[in-house]
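**Student:** Coordinates in data_32.tsv, TSV, C-alpha atoms, are listed below.
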chain	number	residue	atom	x	y	z
U	1	MET	CA	-114.84	104.94	117.39
U	2	HIS	CA	-112.68	101.88	117.07
U	3	ASP	CA	-110.06	103.95	115.40
U	4	SER	CA	-109.84	106.42	118.24
U	5	LEU	CA	-109.75	103.57	120.79
U	6	ARG	CA	-106.83	102.11	119.00
U	7	THR	CA	-104.80	105.25	118.50
U	8	THR	CA	-105.27	107.06	121.84
U	9	PRO	CA	-102.97	104.85	123.97
U	10	TYR	CA	-100.33	104.96	121.30
U	11	TRP	CA	-100.25	108.72	121.21
U	12	ARG	CA	-100.39	108.93	124.97
U	13	SER	CA	-97.35	106.73	125.46
U	14	LEU	CA	-95.54	108.53	122.67
U	15	ALA	CA	-96.27	111.86	124.32
U	16	ALA	CA	-95.07	110.44	127.64
U	17	ILE	CA	-91.78	109.36	126.05
U	18	VAL	CA	-91.26	112.71	124.39
U	19	LEU	CA	-92.02	114.57	127.63
U	20	THR	CA	-89.68	112.31	129.60
U	21	LEU	CA	-86.83	112.78	127.18
U	22	GLY	CA	-87.43	116.50	127.22
U	23	SER	CA	-87.22	116.75	131.00
U	24	LEU	CA	-83.71	117.63	132.04
U	25	PRO	CA	-82.33	117.37	135.56
U	26	ALA	CA	-81.94	120.72	137.25
U	27	TRP	CA	-78.31	121.82	136.96
U	28	ALA	CA	-78.20	124.56	139.52
U	29	HIS	CA	-74.40	124.56	139.53
U	30	VAL	CA	-73.96	123.63	135.92
U	31	GLU	CA	-70.36	124.71	135.61
U	32	GLN	CA	-68.87	122.54	138.35
U	33	GLY	CA	-66.96	119.31	138.48
U	34	VAL	CA	-66.72	116.62	135.82
U	35	ALA	CA	-70.35	116.87	134.67
U	36	GLY	CA	-70.13	120.65	134.49
U	37	GLY	CA	-66.88	120.55	132.57
U	38	LEU	CA	-68.21	117.99	130.11
U	39	VAL	CA	-71.48	119.85	129.53
U	40	SER	CA	-69.88	123.25	129.08
U	41	GLY	CA	-67.17	121.70	126.90
U	42	LEU	CA	-69.71	119.93	124.70
U	43	LEU	CA	-71.92	123.00	124.40
U	44	HIS	CA	-69.23	125.63	123.86
U	45	PRO	CA	-68.43	124.82	120.21
U	46	VAL	CA	-72.10	124.70	119.17
U	47	MET	CA	-73.20	127.88	120.95
U	48	GLY	CA	-71.54	130.36	118.59
U	49	PRO	CA	-72.94	130.08	115.05
U	50	ASP	CA	-69.78	131.58	113.51
U	51	HIS	CA	-67.68	128.91	115.19
U	52	LEU	CA	-70.16	126.15	114.37
U	53	VAL	CA	-70.34	126.85	110.62
U	54	ALA	CA	-66.55	127.15	110.39
U	55	MET	CA	-66.21	123.65	111.88
U	56	VAL	CA	-68.71	122.22	109.41
U	57	ALA	CA	-66.86	124.02	106.60
U	58	VAL	CA	-63.62	122.23	107.56
U	59	GLY	CA	-65.41	118.90	107.13
U	60	LEU	CA	-67.09	119.96	103.87
U	61	TRP	CA	-63.81	121.19	102.43
U	62	GLY	CA	-62.02	118.01	103.42
U	63	ALA	CA	-64.71	115.85	101.80
U	64	GLN	CA	-64.65	117.98	98.67
U	65	LEU	CA	-60.88	117.61	98.33
U	66	GLY	CA	-60.94	113.86	99.00
U	67	ALA	CA	-58.09	111.83	100.48
U	68	PRO	CA	-55.77	112.71	102.12
U	69	ALA	CA	-57.30	116.12	102.96
U	70	ILE	CA	-60.55	114.49	104.13
U	71	TRP	CA	-58.79	113.17	107.20
U	72	LEU	CA	-55.75	115.43	107.43
U	73	LEU	CA	-57.72	118.63	107.99
U	74	PRO	CA	-59.95	117.21	110.77
U	75	VAL	CA	-56.88	115.62	112.43
U	76	VAL	CA	-54.80	118.80	112.27
U	77	PHE	CA	-57.59	121.03	113.51
U	78	PRO	CA	-58.23	119.67	117.05
U	79	VAL	CA	-54.50	119.50	117.84
U	80	VAL	CA	-53.74	123.07	116.75
U	81	MET	CA	-56.97	124.19	118.40
U	82	ALA	CA	-55.73	122.72	121.68
U	83	LEU	CA	-52.50	124.68	121.29
U	84	GLY	CA	-54.56	127.82	120.72
U	85	GLY	CA	-56.49	126.87	123.83
U	86	LEU	CA	-53.23	126.85	125.78
U	87	PHE	CA	-52.59	130.46	124.75
U	88	GLY	CA	-56.06	131.27	126.01
U	89	VAL	CA	-55.45	129.51	129.32
U	90	ALA	CA	-52.07	131.17	129.76
U	91	GLY	CA	-53.74	134.52	129.22
U	92	VAL	CA	-51.63	135.29	126.15
U	93	PRO	CA	-53.62	138.03	124.48
U	94	LEU	CA	-54.50	137.32	120.87
U	95	PRO	CA	-55.80	140.29	118.89
U	96	PHE	CA	-59.01	140.18	116.87
U	97	ILE	CA	-60.34	136.84	118.19
U	98	GLU	CA	-63.92	137.41	117.11
U	99	PHE	CA	-62.66	138.89	113.86
U	100	GLY	CA	-60.45	135.86	113.24
U	101	ILE	CA	-63.24	133.37	113.90
U	102	ALA	CA	-65.66	135.23	111.62
U	103	LEU	CA	-62.95	135.54	108.94
U	104	SER	CA	-62.28	131.79	109.15
U	105	ALA	CA	-65.99	131.09	108.54
U	106	LEU	CA	-66.00	133.48	105.57
U	107	LEU	CA	-62.83	132.14	103.95
U	108	LEU	CA	-63.56	128.43	104.59
U	109	GLY	CA	-67.09	128.97	103.23
U	110	LEU	CA	-65.69	130.65	100.13
U	111	ALA	CA	-63.15	127.85	99.67
U	112	VAL	CA	-65.98	125.28	99.70
U	113	ALA	CA	-68.18	127.39	97.41
U	114	ALA	CA	-65.34	127.90	94.91
U	115	ARG	CA	-64.02	124.33	95.33
U	116	PHE	CA	-60.67	126.02	95.99
U	117	ARG	CA	-57.75	123.62	95.93
U	118	ALA	CA	-54.18	124.35	96.95
U	119	ASN	CA	-51.08	122.53	98.11
U	120	LEU	CA	-51.99	120.18	100.98
U	121	VAL	CA	-49.45	121.71	103.36
U	122	VAL	CA	-50.71	125.22	102.57
U	123	MET	CA	-54.29	124.17	103.32
U	124	ALA	CA	-53.28	122.44	106.56
U	125	VAL	CA	-51.38	125.54	107.71
U	126	LEU	CA	-54.34	127.76	106.78
U	127	VAL	CA	-56.80	125.59	108.70
U	128	GLY	CA	-54.33	125.36	111.59
U	129	LEU	CA	-54.06	129.14	111.72
U	130	PHE	CA	-57.83	129.44	112.03
U	131	ALA	CA	-57.82	126.70	114.65
U	132	ILE	CA	-55.64	128.84	116.92
U	133	PHE	CA	-58.33	131.53	117.05
U	134	HIS	CA	-61.07	128.98	117.74
U	135	GLY	CA	-59.01	127.27	120.43
U	136	HIS	CA	-58.11	130.54	122.11
U	137	ALA	CA	-61.78	131.34	122.58
U	138	HIS	CA	-62.32	127.91	124.19
U	139	GLY	CA	-59.30	128.33	126.46
U	140	THR	CA	-60.29	131.69	127.84
U	141	GLU	CA	-63.88	130.68	128.50
U	142	LEU	CA	-63.39	127.61	130.72
U	143	PRO	CA	-65.57	127.97	133.80
U	144	GLN	CA	-63.28	128.31	136.82
U	145	SER	CA	-64.85	125.51	138.88
U	146	ALA	CA	-65.19	122.99	136.06
U	147	ASN	CA	-62.97	119.93	135.64
U	148	ALA	CA	-60.41	120.83	132.98
U	149	MET	CA	-60.05	117.30	131.58
U	150	ALA	CA	-63.81	116.98	131.18
U	151	PHE	CA	-63.96	120.38	129.50
U	152	GLY	CA	-61.17	119.40	127.10
U	153	VAL	CA	-62.81	116.07	126.26
U	154	GLY	CA	-66.18	117.78	125.80
U	155	PHE	CA	-65.11	120.51	123.43
U	156	VAL	CA	-62.86	118.21	121.41
U	157	ILE	CA	-65.69	115.67	120.93
U	158	SER	CA	-68.12	118.41	120.02
U	159	THR	CA	-65.71	119.95	117.50
U	160	GLY	CA	-64.88	116.54	116.04
U	161	LEU	CA	-68.55	115.70	115.60
U	162	LEU	CA	-69.09	119.00	113.78
U	163	HIS	CA	-66.24	118.07	111.40
U	164	LEU	CA	-67.84	114.66	110.95
U	165	ALA	CA	-71.16	116.32	110.15
U	166	GLY	CA	-69.39	118.37	107.50
U	167	ILE	CA	-67.68	115.28	106.06
U	168	LEU	CA	-70.98	113.36	105.93
U	169	ILE	CA	-72.73	116.22	104.13
U	170	GLY	CA	-69.64	116.48	101.94
U	171	LEU	CA	-70.06	112.87	100.79
U	172	LEU	CA	-72.81	114.24	98.54
U	173	VAL	CA	-70.08	115.41	96.13
U	174	ARG	CA	-70.23	111.97	94.50
U	175	TRP	CA	-73.33	113.14	92.67
U	176	PRO	CA	-73.46	116.27	90.45
U	177	VAL	CA	-76.51	117.65	92.27
U	178	GLY	CA	-74.92	116.87	95.63
U	179	SER	CA	-71.77	118.69	94.61
U	180	ALA	CA	-73.85	121.79	93.89
U	181	VAL	CA	-75.58	121.40	97.27
U	182	VAL	CA	-72.21	121.27	99.03
U	183	ARG	CA	-71.04	124.40	97.21
U	184	ALA	CA	-74.28	126.12	98.18
U	185	CYS	CA	-73.61	125.13	101.82
U	186	GLY	CA	-70.20	126.77	101.46
U	187	ALA	CA	-71.79	129.93	100.12
U	188	GLY	CA	-74.22	129.97	103.05
U	189	ILE	CA	-71.36	129.55	105.50
U	190	ALA	CA	-69.47	132.38	103.83
U	191	ALA	CA	-72.56	134.60	104.16
U	192	ILE	CA	-72.83	133.80	107.89
U	193	GLY	CA	-69.11	134.50	108.25
U	194	LEU	CA	-69.55	137.82	106.45
U	195	TYR	CA	-72.36	138.80	108.82
U	196	TYR	CA	-70.24	138.03	111.89
U	197	LEU	CA	-67.27	139.77	110.32
U	198	SER	CA	-69.27	142.94	109.88
U	199	ALA	CA	-70.62	142.57	113.41
U	200	ALA	CA	-67.10	142.14	114.79
U	201	SER	CA	-65.88	145.20	112.96
U	202	GLY	CA	-68.85	147.24	114.17
U	203	LEU	CA	-70.69	147.59	110.88
U	204	ALA	CA	-73.81	145.56	111.64
J	1	MET	CA	-108.05	94.99	118.14
J	2	LEU	CA	-106.07	91.96	119.34
J	3	ARG	CA	-103.54	92.42	116.62
J	4	ASN	CA	-102.67	95.84	117.98
J	5	ARG	CA	-102.17	95.00	121.62
J	6	PRO	CA	-98.52	93.92	121.51
J	7	ILE	CA	-97.60	97.14	119.74
J	8	ARG	CA	-99.18	99.22	122.48
J	9	ARG	CA	-97.38	97.26	125.18
J	10	TRP	CA	-94.10	97.69	123.41
J	11	HIS	CA	-94.52	101.44	123.38
J	12	ALA	CA	-95.56	101.47	127.02
J	13	ALA	CA	-92.38	99.58	127.87
J	14	LEU	CA	-90.34	102.44	126.44
J	15	VAL	CA	-91.65	104.83	129.10
J	16	PRO	CA	-89.85	103.27	132.09
J	17	ILE	CA	-86.72	102.85	129.94
J	18	ALA	CA	-86.77	106.51	129.05
J	19	LEU	CA	-87.32	107.33	132.74
J	20	LEU	CA	-84.30	105.26	133.70
J	21	ALA	CA	-82.19	106.89	131.03
J	22	SER	CA	-82.83	110.37	132.42
J	23	THR	CA	-81.50	109.77	135.93
J	24	PRO	CA	-78.01	111.11	136.66
J	25	ALA	CA	-75.25	108.55	137.25
J	26	HIS	CA	-73.75	108.58	140.75
J	27	ALA	CA	-70.93	106.20	139.93
J	28	HIS	CA	-68.63	107.09	142.80
J	29	LEU	CA	-71.43	106.92	145.35
J	30	VAL	CA	-72.26	103.40	144.20
J	31	SER	CA	-68.65	102.26	144.30
J	32	THR	CA	-68.39	102.93	148.03
J	33	ARG	CA	-71.04	100.30	148.77
J	34	PHE	CA	-70.14	97.36	146.55
J	35	GLY	CA	-66.93	96.22	148.17
J	36	GLU	CA	-63.32	96.73	147.25
J	37	PHE	CA	-63.25	94.76	143.99
J	38	TYR	CA	-65.95	96.91	142.39
J	39	ALA	CA	-64.44	100.05	143.91
J	40	GLY	CA	-61.20	99.16	142.13
J	41	LEU	CA	-63.01	98.27	138.91
J	42	LEU	CA	-64.95	101.52	138.81
J	43	HIS	CA	-62.28	103.93	140.00
J	44	PRO	CA	-60.23	104.21	136.78
J	45	LEU	CA	-63.31	103.84	134.57
J	46	THR	CA	-65.08	106.79	136.20
J	47	THR	CA	-62.07	109.13	136.05
J	48	LEU	CA	-61.56	110.74	132.65
J	49	SER	CA	-57.83	111.30	133.15
J	50	HIS	CA	-57.43	107.51	133.51
J	51	VAL	CA	-59.99	106.18	131.08
J	52	VAL	CA	-59.01	108.40	128.13
J	53	PRO	CA	-55.32	107.32	127.98
J	54	TRP	CA	-56.34	103.69	128.61
J	55	VAL	CA	-58.64	103.85	125.61
J	56	ALA	CA	-55.74	105.32	123.63
J	57	LEU	CA	-53.47	102.46	124.75
J	58	GLY	CA	-56.01	99.82	123.71
J	59	LEU	CA	-56.31	101.39	120.26
J	60	LEU	CA	-52.56	101.89	119.90
J	61	ALA	CA	-52.03	98.21	120.73
J	62	ALA	CA	-54.27	97.33	117.78
J	63	VAL	CA	-52.29	99.68	115.51
J	64	GLN	CA	-49.13	97.76	116.54
J	65	GLY	CA	-50.67	94.57	115.15
J	66	ILE	CA	-51.90	91.40	116.75
J	67	ARG	CA	-48.57	90.48	118.40
J	68	GLY	CA	-48.28	93.81	120.17
J	69	ALA	CA	-51.92	93.69	121.20
J	70	ARG	CA	-51.50	90.19	122.70
J	71	TRP	CA	-48.43	91.07	124.76
J	72	ASN	CA	-50.09	94.28	125.87
J	73	LEU	CA	-52.95	92.21	127.32
J	74	LEU	CA	-50.47	90.67	129.72
J	75	ALA	CA	-48.11	93.60	130.34
J	76	PHE	CA	-50.51	96.46	130.99
J	77	PRO	CA	-52.84	94.93	133.62
J	78	LEU	CA	-49.84	93.43	135.47
J	79	ALA	CA	-48.07	96.79	135.51
J	80	VAL	CA	-51.27	98.43	136.76
J	81	ALA	CA	-51.57	95.87	139.57
J	82	ILE	CA	-47.94	96.37	140.60
J	83	GLY	CA	-48.50	100.12	140.45
J	84	VAL	CA	-51.47	99.90	142.84
J	85	LEU	CA	-49.48	97.78	145.29
J	86	LEU	CA	-46.51	100.16	145.10
J	87	GLY	CA	-48.91	103.03	145.68
J	88	SER	CA	-50.22	101.56	148.90
J	89	TRP	CA	-46.85	100.36	150.21
J	90	LEU	CA	-44.72	103.36	149.20
J	91	PRO	CA	-47.04	106.36	149.16
J	92	GLY	CA	-45.94	109.92	148.51
J	93	PHE	CA	-45.22	110.13	144.80
J	94	ASP	CA	-48.78	110.87	143.64
J	95	ALA	CA	-48.18	114.49	142.67
J	96	GLY	CA	-45.22	113.61	140.45
J	97	LEU	CA	-46.92	110.63	138.84
J	98	GLN	CA	-49.99	112.70	137.98
J	99	TRP	CA	-47.65	114.26	135.43
J	100	GLY	CA	-46.86	110.80	134.15
J	101	ASN	CA	-50.56	110.31	133.57
J	102	ILE	CA	-50.91	113.65	131.81
J	103	ALA	CA	-47.86	112.79	129.66
J	104	SER	CA	-49.53	109.46	128.84
J	105	ILE	CA	-52.61	111.24	127.41
J	106	VAL	CA	-50.49	113.52	125.23
J	107	LEU	CA	-47.98	110.87	124.13
J	108	LEU	CA	-50.46	108.05	123.47
J	109	GLY	CA	-52.73	110.51	121.62
J	110	ALA	CA	-49.82	111.66	119.46
J	111	LEU	CA	-48.68	108.09	118.71
J	112	LEU	CA	-52.23	107.12	117.82
J	113	ALA	CA	-52.79	110.19	115.60
J	114	THR	CA	-49.64	109.43	113.65
J	115	ALA	CA	-50.30	105.64	113.76
J	116	VAL	CA	-46.61	104.98	114.41
J	117	ALA	CA	-45.48	101.36	114.35
J	118	LEU	CA	-43.15	101.21	117.36
J	119	PRO	CA	-40.55	98.51	117.97
J	120	MET	CA	-42.15	95.91	120.24
J	121	PRO	CA	-39.92	96.57	123.30
J	122	ALA	CA	-40.53	100.32	123.05
J	123	PHE	CA	-44.32	99.85	122.89
J	124	LEU	CA	-44.40	97.36	125.76
J	125	GLY	CA	-42.03	99.55	127.78
J	126	LEU	CA	-44.38	102.51	127.38
J	127	SER	CA	-47.35	100.34	128.28
J	128	VAL	CA	-45.64	99.10	131.47
J	129	LEU	CA	-44.44	102.57	132.43
J	130	PHE	CA	-47.89	104.13	132.04
J	131	GLY	CA	-49.47	101.09	133.72
J	132	LEU	CA	-47.30	101.59	136.79
J	133	SER	CA	-48.00	105.32	136.88
J	134	HIS	CA	-51.77	104.90	136.43
J	135	GLY	CA	-51.91	102.05	138.94
J	136	TYR	CA	-50.01	104.09	141.51
J	137	THR	CA	-52.34	107.08	141.18
J	138	ASN	CA	-55.44	104.89	141.46
J	139	VAL	CA	-54.84	104.21	145.15
J	140	VAL	CA	-57.55	106.03	147.03
J	141	SER	CA	-57.40	105.01	150.66
J	142	GLU	CA	-55.59	103.01	153.31
J	143	LEU	CA	-56.24	99.43	152.24
J	144	GLU	CA	-54.54	96.33	153.66
J	145	GLY	CA	-54.56	92.59	153.22
J	146	ARG	CA	-57.57	91.11	151.49
J	147	ALA	CA	-59.18	94.50	150.84
J	148	LEU	CA	-56.04	95.75	149.08
J	149	LEU	CA	-55.81	92.56	147.04
J	150	LEU	CA	-59.45	92.86	145.96
J	151	TYR	CA	-59.06	96.53	145.11
J	152	THR	CA	-55.86	95.84	143.13
J	153	THR	CA	-57.57	93.02	141.25
J	154	GLY	CA	-60.45	95.36	140.44
J	155	VAL	CA	-58.21	98.10	138.99
J	156	ALA	CA	-56.18	95.54	136.99
J	157	CYS	CA	-59.40	93.96	135.66
J	158	ALA	CA	-60.60	97.38	134.52
J	159	GLY	CA	-57.31	97.82	132.66
J	160	TYR	CA	-57.54	94.34	131.16
J	161	LEU	CA	-61.16	94.74	130.06
J	162	LEU	CA	-60.49	98.10	128.44
J	163	VAL	CA	-57.37	97.12	126.47
J	164	ALA	CA	-58.83	93.70	125.56
J	165	LEU	CA	-62.19	94.94	124.28
J	166	LEU	CA	-60.84	98.05	122.55
J	167	GLY	CA	-57.78	96.27	121.21
J	168	ALA	CA	-59.88	93.46	119.73
J	169	GLY	CA	-62.48	95.86	118.34
J	170	ALA	CA	-59.86	98.15	116.85
J	171	LEU	CA	-57.95	95.21	115.30
J	172	VAL	CA	-61.07	94.45	113.27
J	173	VAL	CA	-61.74	98.10	112.48
J	174	VAL	CA	-58.23	99.05	111.30
J	175	ARG	CA	-58.46	96.41	108.57
J	176	GLN	CA	-61.09	98.55	106.86
J	177	ASN	CA	-60.03	101.45	104.67
J	178	TRP	CA	-61.75	104.01	106.84
J	179	GLY	CA	-60.90	102.20	110.08
J	180	LEU	CA	-57.33	103.39	110.48
J	181	VAL	CA	-58.40	106.92	109.57
J	182	ALA	CA	-61.12	106.84	112.24
J	183	VAL	CA	-58.67	105.55	114.85
J	184	ARG	CA	-56.14	108.25	113.93
J	185	ALA	CA	-58.78	110.96	114.10
J	186	LEU	CA	-59.73	109.68	117.56
J	187	GLY	CA	-56.03	109.83	118.47
J	188	SER	CA	-55.91	113.49	117.47
J	189	TRP	CA	-58.94	114.16	119.67
J	190	ILE	CA	-57.21	112.47	122.61
J	191	LEU	CA	-54.02	114.42	121.92
J	192	ALA	CA	-55.99	117.68	121.83
J	193	ALA	CA	-57.82	116.90	125.09
J	194	GLY	CA	-54.49	115.94	126.67
J	195	VAL	CA	-52.80	119.17	125.57
J	196	ILE	CA	-55.65	121.23	127.02
J	197	PHE	CA	-55.61	119.23	130.27
J	198	ALA	CA	-51.82	119.55	130.55
J	199	GLY	CA	-52.11	123.29	130.01
J	200	PHE	CA	-54.79	123.71	132.64
J	201	SER	CA	-52.82	121.56	135.10
J	202	LEU	CA	-49.59	123.49	134.51
J	203	LEU	CA	-51.26	126.83	134.92
J	204	GLY	CA	-53.04	125.92	138.13
J	205	GLN	CA	-56.61	125.35	136.96
J	206	PRO	CA	-58.68	122.85	138.92
J	207	GLY	CA	-57.98	119.46	137.39
J	208	ALA	CA	-59.22	115.90	137.70
Step by step, read the file and then write its structure as structure tokens.
**Tutor:**
Amino acid sequence: MHDSLRTTPYWRSLAAIVLTLGSLPAWAHVEQGVAGGLVSGLLHPVMGPDHLVAMVAVGLWGAQLGAPAIWLLPVVFPVVMALGGLFGVAGVPLPFIEFGIALSALLLGLAVAARFRANLVVMAVLVGLFAIFHGHAHGTELPQSANAMAFGVGFVISTGLLHLAGILIGLLVRWPVGSAVVRACGAGIAAIGLYYLSAASGLA
Amino acid sequence: MLRNRPIRRWHAALVPIALLASTPAHAHLVSTRFGEFYAGLLHPLTTLSHVVPWVALGLLAAVQGIRGARWNLLAFPLAVAIGVLLGSWLPGFDAGLQWGNIASIVLLGALLATAVALPMPAFLGLSVLFGLSHGYTNVVSELEGRALLLYTTGVACAGYLLVALLGAGALVVVRQNWGLVAVRALGSWILAAGVIFAGFSLLGQPGA
């Protein structure tokens, strides 16, 4: 009896907090203005699983390779991605967008799984090439009424945080077991990329 | 029983905090009712196309070392204040200077990403140039006399606070091994956001 007296208020207030945090304001016109641009920019990179895993793979690969790749790849990626975004905004058609994004997830996943290591410039160019496809998709899908600066800030932050997530997971490579875990993550990412690749080419 | 009471209260106190956290921020609505100083203070801080390059400038000042950061504390807010005054006395160049602001996002982002050590006059020149441009484009309405002075002071204070706090914070951070890398990564994010914003602005998308 005493136990239940003690615990009930605790659980009630905890439930109240959880419910409050879960309640979102109603965004009837979600894709408008600064707030709309920021929200759609933040959400865009995490909505497509093929895109999401490729971003994490960039971070994993960078962490696996160590300095200077650990920071060079995540620094190169957003900049080239923005350039790809410009092509998207300008309406420059880029063939095989979905195919390219899925392929980037597959190849980056395989690189992590195999602990593939090449010349730093080659790797930066490779990652940059993939970034153009990812950026193009962002550029073409900006909601018309949203604030462009907010959209840009949103999707860059979101992408950067995904890289950071990859790098943080990648720090496990200091331990033998962790290194195996990271390679397994790479294999998983490659599998997801393969699925999307087959979907993009009409096989699945 | 008694031992547990403070814990319960503590949890109950989280409920109103969580409630407060979930309300949307109407920053610009508030700024119209707090007088000209706060209007000036809030205006650049609530506009992404101002606040992002100002953050970049504060961080870049730290990358330039303590001497650059100190001079920047004086040069940037003064340039911003002069820019605001120029904007109210000689209006009409807003559209052109918006491009100066966009260029400031791209250029400051690029300089930060590459962590270039600029010659002191070049860095301060850039800081003054962008300060003037950002100050000019922060003018929102017909203000005169005391109201204009208060508004100008507010905008300059916002500039000072941002470059002072970020510059000081970043000076500590860049001494760490990972600190400079983090600042450069942030620079590449700013560069990327600037490139996208420039592209949208050039190609006629609705901008800030």
**Student:** Could you check which of J:Gly35, J:Gly83, J:Gly194, J:Gly58 is closest to chain U, using all atoms listed in the file?
**Tutor:**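 So, comparing all the options, the nearest one is J:Gly194.
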**Student:** I want to know what sits within 6 Å of Ala113 of chain J, based on only C-alpha atoms, with residues of the same chain fewer than 3 positions away left out; could you give that as a list of chain:residue names?
**Tutor:**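 Listed by chain and then number, they are J:Ala110, J:Arg184, J:Gly187, J:Ser188.
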**Student:** Taking into account only C-alpha atoms, which residue in the set U:Phe77, U:Phe151, U:Phe130, U:Phe99 is nearest to Leu194 of chain U?
**Tutor:**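 Using only C-alpha atoms, Leu194 of chain U sits closest to U:Phe99.
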**Student:** Please find the residues of chain U near chain J - the criterion being any atom within 6 Å, counting all atoms listed in the file - and write them as number ranges by chain.
**Tutor:** U: 10, 13, 17, 75, 78-79, 82, 86, 147-149, 152-153, 156
**Student:** Between atom CA of His134 of chain U and atom CA of Leu72 of chain U, what is the distance in Å, rounded to a tenth?
**Tutor:** 17.8 Å
**Student:** Which of these residues is nearest to Leu107 of chain U, using all atoms listed in the file: U:Gly202, U:Gly48, U:Gly193, U:Gly128?
**Tutor:**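 Selected residue with least distance to Leu107 of chain U: U:Gly193.
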**Student:** Of the candidates U:Pro74, U:Gly36, U:Pro93, U:Gly135, which one gets nearest to Trp61 of chain U if we count all atoms listed in the file?
**Tutor:**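 Ranking U:Pro74, U:Gly36, U:Pro93, U:Gly135 by distance to Trp61 of chain U, first place goes to U:Pro74.
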**Student:** Which protein, DNA or RNA residues have an atom at most 6 Å from (-54.5, 126.1, 117.8), counting only C-alpha atoms? List them as an mmCIF file with C-alpha atoms, in the coordinates of the input.
**Tutor:**
data_model
loop_
_atom_site.group_PDB
_atom_site.id
_atom_site.type_symbol
_atom_site.label_atom_id
_atom_site.label_comp_id
_atom_site.auth_asym_id
_atom_site.auth_seq_id
_atom_site.Cartn_x
_atom_site.Cartn_y
_atom_site.Cartn_z
ATOM 1 C CA VAL U 80 -53.740 123.070 116.750
ATOM 2 C CA MET U 81 -56.970 124.190 118.400
ATOM 3 C CA ALA U 82 -55.730 122.720 121.680
ATOM 4 C CA LEU U 83 -52.500 124.680 121.290
ATOM 5 C CA GLY U 84 -54.560 127.820 120.720
ATOM 6 C CA ALA U 131 -57.820 126.700 114.650
ATOM 7 C CA ILE U 132 -55.640 128.840 116.920
ATOM 8 C CA GLY U 135 -59.010 127.270 120.430
#
**Student:** Report as a PDB file with C-alpha atoms, keeping the file's coordinate frame all protein, DNA and RNA residues lying within 9 Å of segment 164-176 of chain J, evaluated on all atoms listed in the file, omitting residues in the same chain fewer than 2 positions from it.
**Tutor:**
ATOM      1  CA  VAL J  55     -58.640 103.850 125.610  1.00  0.00           C
ATOM      2  CA  ALA J  56     -55.740 105.320 123.630  1.00  0.00           C
ATOM      3  CA  LEU J  57     -53.470 102.460 124.750  1.00  0.00           C
ATOM      4  CA  GLY J  58     -56.010  99.820 123.710  1.00  0.00           C
ATOM      5  CA  LEU J  59     -56.310 101.390 120.260  1.00  0.00           C
ATOM      6  CA  LEU J  60     -52.560 101.890 119.900  1.00  0.00           C
ATOM      7  CA  ALA J  61     -52.030  98.210 120.730  1.00  0.00           C
ATOM      8  CA  ALA J  62     -54.270  97.330 117.780  1.00  0.00           C
ATOM      9  CA  VAL J  63     -52.290  99.680 115.510  1.00  0.00           C
ATOM     10  CA  GLY J  65     -50.670  94.570 115.150  1.00  0.00           C
ATOM     11  CA  ILE J  66     -51.900  91.400 116.750  1.00  0.00           C
ATOM     12  CA  ALA J  69     -51.920  93.690 121.200  1.00  0.00           C
ATOM     13  CA  ARG J  70     -51.500  90.190 122.700  1.00  0.00           C
ATOM     14  CA  ASN J  72     -50.090  94.280 125.870  1.00  0.00           C
ATOM     15  CA  LEU J  73     -52.950  92.210 127.320  1.00  0.00           C
ATOM     16  CA  GLY J 159     -57.310  97.820 132.660  1.00  0.00           C
ATOM     17  CA  TYR J 160     -57.540  94.340 131.160  1.00  0.00           C
ATOM     18  CA  LEU J 161     -61.160  94.740 130.060  1.00  0.00           C
ATOM     19  CA  LEU J 162     -60.490  98.100 128.440  1.00  0.00           C
ATOM     20  CA  TRP J 178     -61.750 104.010 106.840  1.00  0.00           C
ATOM     21  CA  GLY J 179     -60.900 102.200 110.080  1.00  0.00           C
ATOM     22  CA  LEU J 180     -57.330 103.390 110.480  1.00  0.00           C
ATOM     23  CA  VAL J 181     -58.400 106.920 109.570  1.00  0.00           C
ATOM     24  CA  ALA J 182     -61.120 106.840 112.240  1.00  0.00           C
ATOM     25  CA  VAL J 183     -58.670 105.550 114.850  1.00  0.00           C
TER      26      VAL J 183
END
**Student:** So that I can see what lies close to segment 166-173 of chain U, please list as a ChimeraX atom specification the residues with an atom at most 9 Å from it, counting only C-alpha atoms and leaving out residues fewer than 2 positions away in the same chain.
**Tutor:** /U:55-64,70,161-164,175-182
**Student:** Would you work out the distance separating atom CA of Ser158 of chain U from atom CA of Val76 of chain U, expressed in Å to one decimal?
**Tutor:**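 Here the two named atoms are 15.4 Å from each other.
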**Student:** What is the atom CA of Leu107 of chain J to atom CA of Ser127 of chain J distance in Å?
**Tutor:**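 Separation of atom CA of Leu107 of chain J and atom CA of Ser127 of chain J: 11.3 Å.
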**Student:** Residues within 8 Å of Gly40 of chain J, please, as a ChimeraX atom specification. Count only C-alpha atoms; anything in the same chain fewer than 2 positions from it doesn't count.
**Tutor:** /J:36-38,42-44,150-155,158
**Student:** Given the point (-57.0, 99.3, 152.2) in the file's coordinates, find the residues that have an atom at most 12 Å from it, counting all atoms listed in the file, and give them as a VMD selection string.
**Tutor:** chain J and resid 35 to 37 39 to 40 84 to 85 87 to 89 139 to 152
